[in-house]
Amino acid sequence: MIGGRRPLPGRKLGDRRVRVERPHAPYFRWSGAGQLTARAAASRPTTASGRWWAAVRALFLGRPLASDEEAGERLSKKKALAIFSSDAISSSAYATEEILRVLVIGGAVFLAFGLQIAIAIAILLAIVAFSYRQVCLAYPTGGGSYSVSKVNFGRRASLIAASALLIDYVMTVAVSISSAVEQITAALPVLLPEKVLIGVIAIALVTLGNLRGLREAGNIFAVPTYLFVGSALLMIAIGTFRIVILGEHGDFPRQLADQTIATTQSAVALLLLRAFAAGAVALTGTEAIATGVPAFKPPEARNAATTLAVMAGLLGVLFVGITFLAVNYGAVNVGGADGQTVIAQVARRVYGDNSIPFFLFQGFTAVLLVLAANTSFNAFPRLLAILAQDGFAPRQFGFRGDRLAFSYGIVILAVVAGSLVVAFNGETHLLIPLYAVGVFIDFTISQSGMVRHWLRERPPGFVQRLAINAVGALLTGVVAIVVAIAKAPTSFIVLILMAVLFGVMSFVRRQYDQQAAELEVREDVVFDRPHREQRVVVPVNGINRTVVQAVTFARTLAADVRAVYVTEDPDDGEALRQRWQRQLPGVPLVIVESPYRAIISPVIAYLDVLDKAWPPDKEAPITIVVLPEYVARHWWDRVLYNQTARRLKRALLGREHTVIADVPYRRGA
């Protein structure tokens, strides 16, 4: 609605003459035979601010990738092991500590049960991983338990599984990052006051790595993962040799010597169950590979199943080995401000206090824990994309960014997880109680769905597969109940959040269903040429090139065209009318007085008057409101233009029988 520049001259295309702006990027091509066809080509930024922003994006995210380059972004088994297994493998850095934190309540004598509990969890891990291999092979499109439950149990069960997964993916990021910072402060206590800031920066770096795309994320994450695995296996081998062959043992903290609880059978059983529930966090992340099967190189399902088996084996060895060393060396975290985690105490004992190998191991552990969050940064956006495709999440989550990553999901995950780190002051032990409850519910739904899948499909050899998933469903169901009871009342928070997510996803789907019903067009309906009358209203603020272009465009739409000028000064309006009649004859100018200096409401009131003046026995016409808009040249002066047009557009949006048309006017170079 503010003036601009002279249009560029027309250019002949075939037997037509069209008016074009400066062709910064070829949006269209003339295909002959009187047909103008849109060309699918990436457009170059047309403004200085757009070019600046594109340069920044290219610097941090890399060049945009075309859709047909996705195959080159697929992961090999070695890279996929680093990306999808880093969460599960890194849990060995804090799962042992959570077991011992519970057992220490009963005194030093109960710490010996830590190894038995770790072995029991490792056996459960093997069963769950073996069961999920069947999911990879049966559902190669990914989605994990969501896809399994949707096919076999329907919408409600699938949304329960999805809500549990989404919560656990968020908790994975928060817990992994917080634990990573604790490993850093264990080696460098001077950084303890800055642990929250370090955690937030780590989340930002992982987010940036994932926005660059899968292939580069795999290159970044593979080396630290394998360095941690190698150094941890070396530590376990050295420590086991010293304990078993040399008879080396440690002393438990003195304050635990006389501490004990009543050794009734029920008290012991309750303590062991709580310790088992605390250590069950070691199983989180097991499903990530089944969720991300499409990210693997062909054959996707077979490669994913193999990677899952390797991951389970590595995690079992690391978890049991570290627990064995911690129990024999008396490495327990009894609280305090020294920031000494259990795995740091074990590393000090094996590699030497403040030695170079110790600092290297702590560095590998911290980096792996930071990168373990990448499991969620791969699985969480993919699950959201699947939910978006099914109509249970906003469709934006299904869009890929320039680097073929689901950018919206990545950013949402980073924001929520970062908020948790800040809210819980980066304390892993405070975040852990919210962990693992949902994942075992998810395990149970998934394995139960696989049981129904084999009963329905009955392929060759289905009895063996059915038995595997039935055992997995039974065990994970029992563990889900145990974990929920042992972690009560904290576990109730997770259940409430799951219910909220279930309701939100159901609401989104209902909204999309209602929209589809409103917009549906029956196949038997034939639409003739439009017969409704049209009239055009052009709000103006004077006579300038922007207004002239908008009025010229309006006269091509209908015979009934009128301009509307809102003013608080009648004399100013009359002066404009005289000039208007001289320069724009044939288009009446309506002067609307606004003594209270409003602009939007007088225009709407005038449109209402037009509607009421229309004969009631005739079908109401379509009112086209043409808005002249001046295209600002720079980002810093956009605030100076078109504010009234934007406000009017918002006010008219949804008005009955009203169409809004923007006519942008661009200034020449």
# chains A, B, ... in the order shown; residues from 1 in each chain; ligands from 1
>>> closest_atom_pairs(of="segment 590-657 of chain A", to="segment 573-584 of chain A", cutoff="9 Å", atoms="only C-alpha atoms", output="Markdown table")
| residue | atom | partner | partner_atom | distance |
| --- | --- | --- | --- | --- |
| A:Val590 | CA | A:Arg577 | CA | 8.4 |
| A:Ile591 | CA | A:Gly573 | CA | 6.1 |
| A:Val592 | CA | A:Gly573 | CA | 8.4 |
| A:Glu593 | CA | A:Gly573 | CA | 8.3 |
>>> write_last_selection(atoms="all heavy atoms", output="PDB file, in the first residue's frame")
ATOM      1  N   VAL A 590     -13.761   5.620  -2.951  1.00  0.00           N
ATOM      2  CA  VAL A 590     -14.674   5.780  -1.820  1.00  0.00           C
ATOM      3  C   VAL A 590     -13.880   6.350  -0.650  1.00  0.00           C
ATOM      4  O   VAL A 590     -12.859   5.777  -0.238  1.00  0.00           O
ATOM      5  CB  VAL A 590     -15.309   4.434  -1.425  1.00  0.00           C
ATOM      6  CG1 VAL A 590     -16.232   4.609  -0.219  1.00  0.00           C
ATOM      7  CG2 VAL A 590     -16.060   3.842  -2.608  1.00  0.00           C
ATOM      8  N   ILE A 591     -14.323   7.477  -0.121  1.00  0.00           N
ATOM      9  CA  ILE A 591     -13.678   8.103   1.030  1.00  0.00           C
ATOM     10  C   ILE A 591     -14.418   7.649   2.286  1.00  0.00           C
ATOM     11  O   ILE A 591     -15.627   7.879   2.427  1.00  0.00           O
ATOM     12  CB  ILE A 591     -13.699   9.639   0.924  1.00  0.00           C
ATOM     13  CG1 ILE A 591     -13.094  10.096  -0.410  1.00  0.00           C
ATOM     14  CG2 ILE A 591     -12.956  10.258   2.101  1.00  0.00           C
ATOM     15  CD1 ILE A 591     -11.660   9.716  -0.594  1.00  0.00           C
ATOM     16  N   VAL A 592     -13.709   7.024   3.200  1.00  0.00           N
ATOM     17  CA  VAL A 592     -14.283   6.568   4.472  1.00  0.00           C
ATOM     18  C   VAL A 592     -13.659   7.391   5.586  1.00  0.00           C
ATOM     19  O   VAL A 592     -12.436   7.336   5.794  1.00  0.00           O
ATOM     20  CB  VAL A 592     -14.023   5.061   4.700  1.00  0.00           C
ATOM     21  CG1 VAL A 592     -14.600   4.629   6.045  1.00  0.00           C
ATOM     22  CG2 VAL A 592     -14.609   4.242   3.560  1.00  0.00           C
ATOM     23  N   GLU A 593     -14.489   8.178   6.247  1.00  0.00           N
ATOM     24  CA  GLU A 593     -13.986   9.008   7.337  1.00  0.00           C
ATOM     25  C   GLU A 593     -13.805   8.173   8.599  1.00  0.00           C
ATOM     26  O   GLU A 593     -14.637   7.329   8.935  1.00  0.00           O
ATOM     27  CB  GLU A 593     -14.948  10.163   7.604  1.00  0.00           C
ATOM     28  CG  GLU A 593     -15.048  11.144   6.447  1.00  0.00           C
ATOM     29  CD  GLU A 593     -15.908  12.345   6.797  1.00  0.00           C
ATOM     30  OE1 GLU A 593     -16.090  12.599   8.010  1.00  0.00           O
ATOM     31  OE2 GLU A 593     -16.393  13.025   5.879  1.00  0.00           O
TER      32      GLU A 593
END
>>> residues_around(residues="Phe361 of chain A", least_positions_apart="4", cutoff="8 Å", atoms="only C-alpha atoms", output="VMD selection string")
chain A and resid 228 231 to 232 347 357 365
>>> write_last_selection(atoms="C-alpha atoms", output="PDB file, in the first residue's frame")
ATOM      1  CA  PHE A 228      35.458 -45.472  24.338  1.00  0.00           C
ATOM      2  CA  SER A 231      39.563 -48.098  26.233  1.00  0.00           C
ATOM      3  CA  ALA A 232      36.708 -49.521  28.338  1.00  0.00           C
ATOM      4  CA  ALA A 347      39.317 -45.671  35.889  1.00  0.00           C
ATOM      5  CA  PRO A 357      45.345 -42.781  30.386  1.00  0.00           C
ATOM      6  CA  THR A 365      33.559 -41.360  28.100  1.00  0.00           C
TER       7      THR A 365
END
>>> closest_residue(among="A:Cys136, A:Leu420, A:Ala164, A:Met450", to="Ala480 of chain A", atoms="only C-alpha atoms")
A:Ala164
>>> residues_around(residues="Phe424 of chain A", least_positions_apart="4", cutoff="10 Å", atoms="only C-alpha atoms", output="JSON, numbers by chain")
{"A": [174, 178, 196, 419, 420, 428, 429, 430, 431]}
>>> closest_residue(among="A:Arg302, A:Arg522, A:Arg562, A:Arg535", to="Thr658 of chain A", atoms="only C-alpha atoms")
A:Arg535
>>> closest_residue(among="A:Ser601, A:Thr644, A:Ser76, A:Thr623", to="Pro298 of chain A", atoms="only C-alpha atoms")
A:Ser76
>>> select_by_dssp(residues="segment 501-564 of chain A", states="helix (DSSP H, G or I)", output="PyMOL selection string")
chain A and resi 501-519+545-555
>>> write_last_selection(atoms="N, CA and C atoms", output="compact mmCIF listing (two decimals), in the first residue's frame")
# COMPACT_ATOMS: atom_id res chain seq x y z
N LEU A 501 0.49 -36.61 25.97
CA LEU A 501 0.92 -36.76 24.59
C LEU A 501 -0.11 -37.55 23.78
N PHE A 502 -0.68 -38.58 24.39
CA PHE A 502 -1.72 -39.36 23.73
C PHE A 502 -2.89 -38.45 23.34
N GLY A 503 -3.30 -37.57 24.27
CA GLY A 503 -4.40 -36.66 23.98
C GLY A 503 -4.06 -35.65 22.90
N VAL A 504 -2.83 -35.12 22.93
CA VAL A 504 -2.42 -34.14 21.93
C VAL A 504 -2.39 -34.77 20.54
N MET A 505 -1.82 -35.97 20.43
CA MET A 505 -1.75 -36.63 19.12
C MET A 505 -3.14 -36.98 18.60
N SER A 506 -4.02 -37.39 19.49
CA SER A 506 -5.39 -37.68 19.07
C SER A 506 -6.10 -36.42 18.60
N PHE A 507 -5.84 -35.30 19.29
CA PHE A 507 -6.45 -34.02 18.91
C PHE A 507 -5.96 -33.59 17.52
N VAL A 508 -4.65 -33.72 17.28
CA VAL A 508 -4.10 -33.33 15.98
C VAL A 508 -4.73 -34.16 14.87
N ARG A 509 -4.86 -35.47 15.10
CA ARG A 509 -5.46 -36.33 14.07
C ARG A 509 -6.93 -35.95 13.83
N ARG A 510 -7.65 -35.64 14.90
CA ARG A 510 -9.05 -35.24 14.76
C ARG A 510 -9.18 -33.95 13.95
N GLN A 511 -8.24 -33.01 14.18
CA GLN A 511 -8.27 -31.76 13.43
C GLN A 511 -8.01 -32.01 11.94
N TYR A 512 -7.05 -32.86 11.64
CA TYR A 512 -6.76 -33.17 10.24
C TYR A 512 -7.93 -33.91 9.59
N ASP A 513 -8.57 -34.80 10.33
CA ASP A 513 -9.72 -35.53 9.79
C ASP A 513 -10.88 -34.57 9.49
N GLN A 514 -11.10 -33.62 10.41
CA GLN A 514 -12.17 -32.66 10.19
C GLN A 514 -11.87 -31.78 8.98
N GLN A 515 -10.61 -31.37 8.85
CA GLN A 515 -10.25 -30.55 7.70
C GLN A 515 -10.43 -31.32 6.40
N ALA A 516 -10.02 -32.59 6.39
CA ALA A 516 -10.18 -33.39 5.19
C ALA A 516 -11.64 -33.55 4.81
N ALA A 517 -12.50 -33.72 5.83
CA ALA A 517 -13.93 -33.85 5.56
C ALA A 517 -14.52 -32.56 4.99
N GLU A 518 -14.04 -31.41 5.51
CA GLU A 518 -14.54 -30.13 5.02
C GLU A 518 -14.09 -29.86 3.58
N LEU A 519 -12.90 -30.31 3.23
CA LEU A 519 -12.34 -30.00 1.91
C LEU A 519 -12.58 -31.10 0.88
N ARG A 545 3.06 4.35 -7.24
CA ARG A 545 3.21 3.26 -8.20
C ARG A 545 2.71 1.93 -7.66
N THR A 546 2.83 1.72 -6.36
CA THR A 546 2.31 0.49 -5.78
C THR A 546 0.80 0.42 -5.95
N VAL A 547 0.13 1.53 -5.66
CA VAL A 547 -1.32 1.59 -5.78
C VAL A 547 -1.74 1.46 -7.24
N VAL A 548 -1.04 2.15 -8.13
CA VAL A 548 -1.40 2.08 -9.56
C VAL A 548 -1.30 0.64 -10.07
N GLN A 549 -0.24 -0.06 -9.69
CA GLN A 549 -0.10 -1.45 -10.13
C GLN A 549 -1.22 -2.32 -9.58
N ALA A 550 -1.60 -2.12 -8.30
CA ALA A 550 -2.66 -2.91 -7.70
C ALA A 550 -4.00 -2.64 -8.39
N VAL A 551 -4.29 -1.37 -8.68
CA VAL A 551 -5.55 -1.03 -9.35
C VAL A 551 -5.58 -1.60 -10.76
N THR A 552 -4.46 -1.52 -11.46
CA THR A 552 -4.38 -2.09 -12.81
C THR A 552 -4.66 -3.59 -12.77
N PHE A 553 -4.08 -4.26 -11.81
CA PHE A 553 -4.34 -5.69 -11.66
C PHE A 553 -5.80 -5.95 -11.32
N ALA A 554 -6.37 -5.13 -10.43
CA ALA A 554 -7.77 -5.32 -10.02
C ALA A 554 -8.72 -5.21 -11.21
N ARG A 555 -8.43 -4.33 -12.16
CA ARG A 555 -9.33 -4.13 -13.30
C ARG A 555 -9.34 -5.33 -14.24
>>> closest_residue(among="A:Tyr139, A:Phe319, A:Tyr94, A:Phe130", to="Ser179 of chain A", atoms="only C-alpha atoms")
A:Tyr94
>>> atom_distance(atom1="atom CA of Ala112 of chain A", atom2="atom CA of Val327 of chain A")
6.2 Å
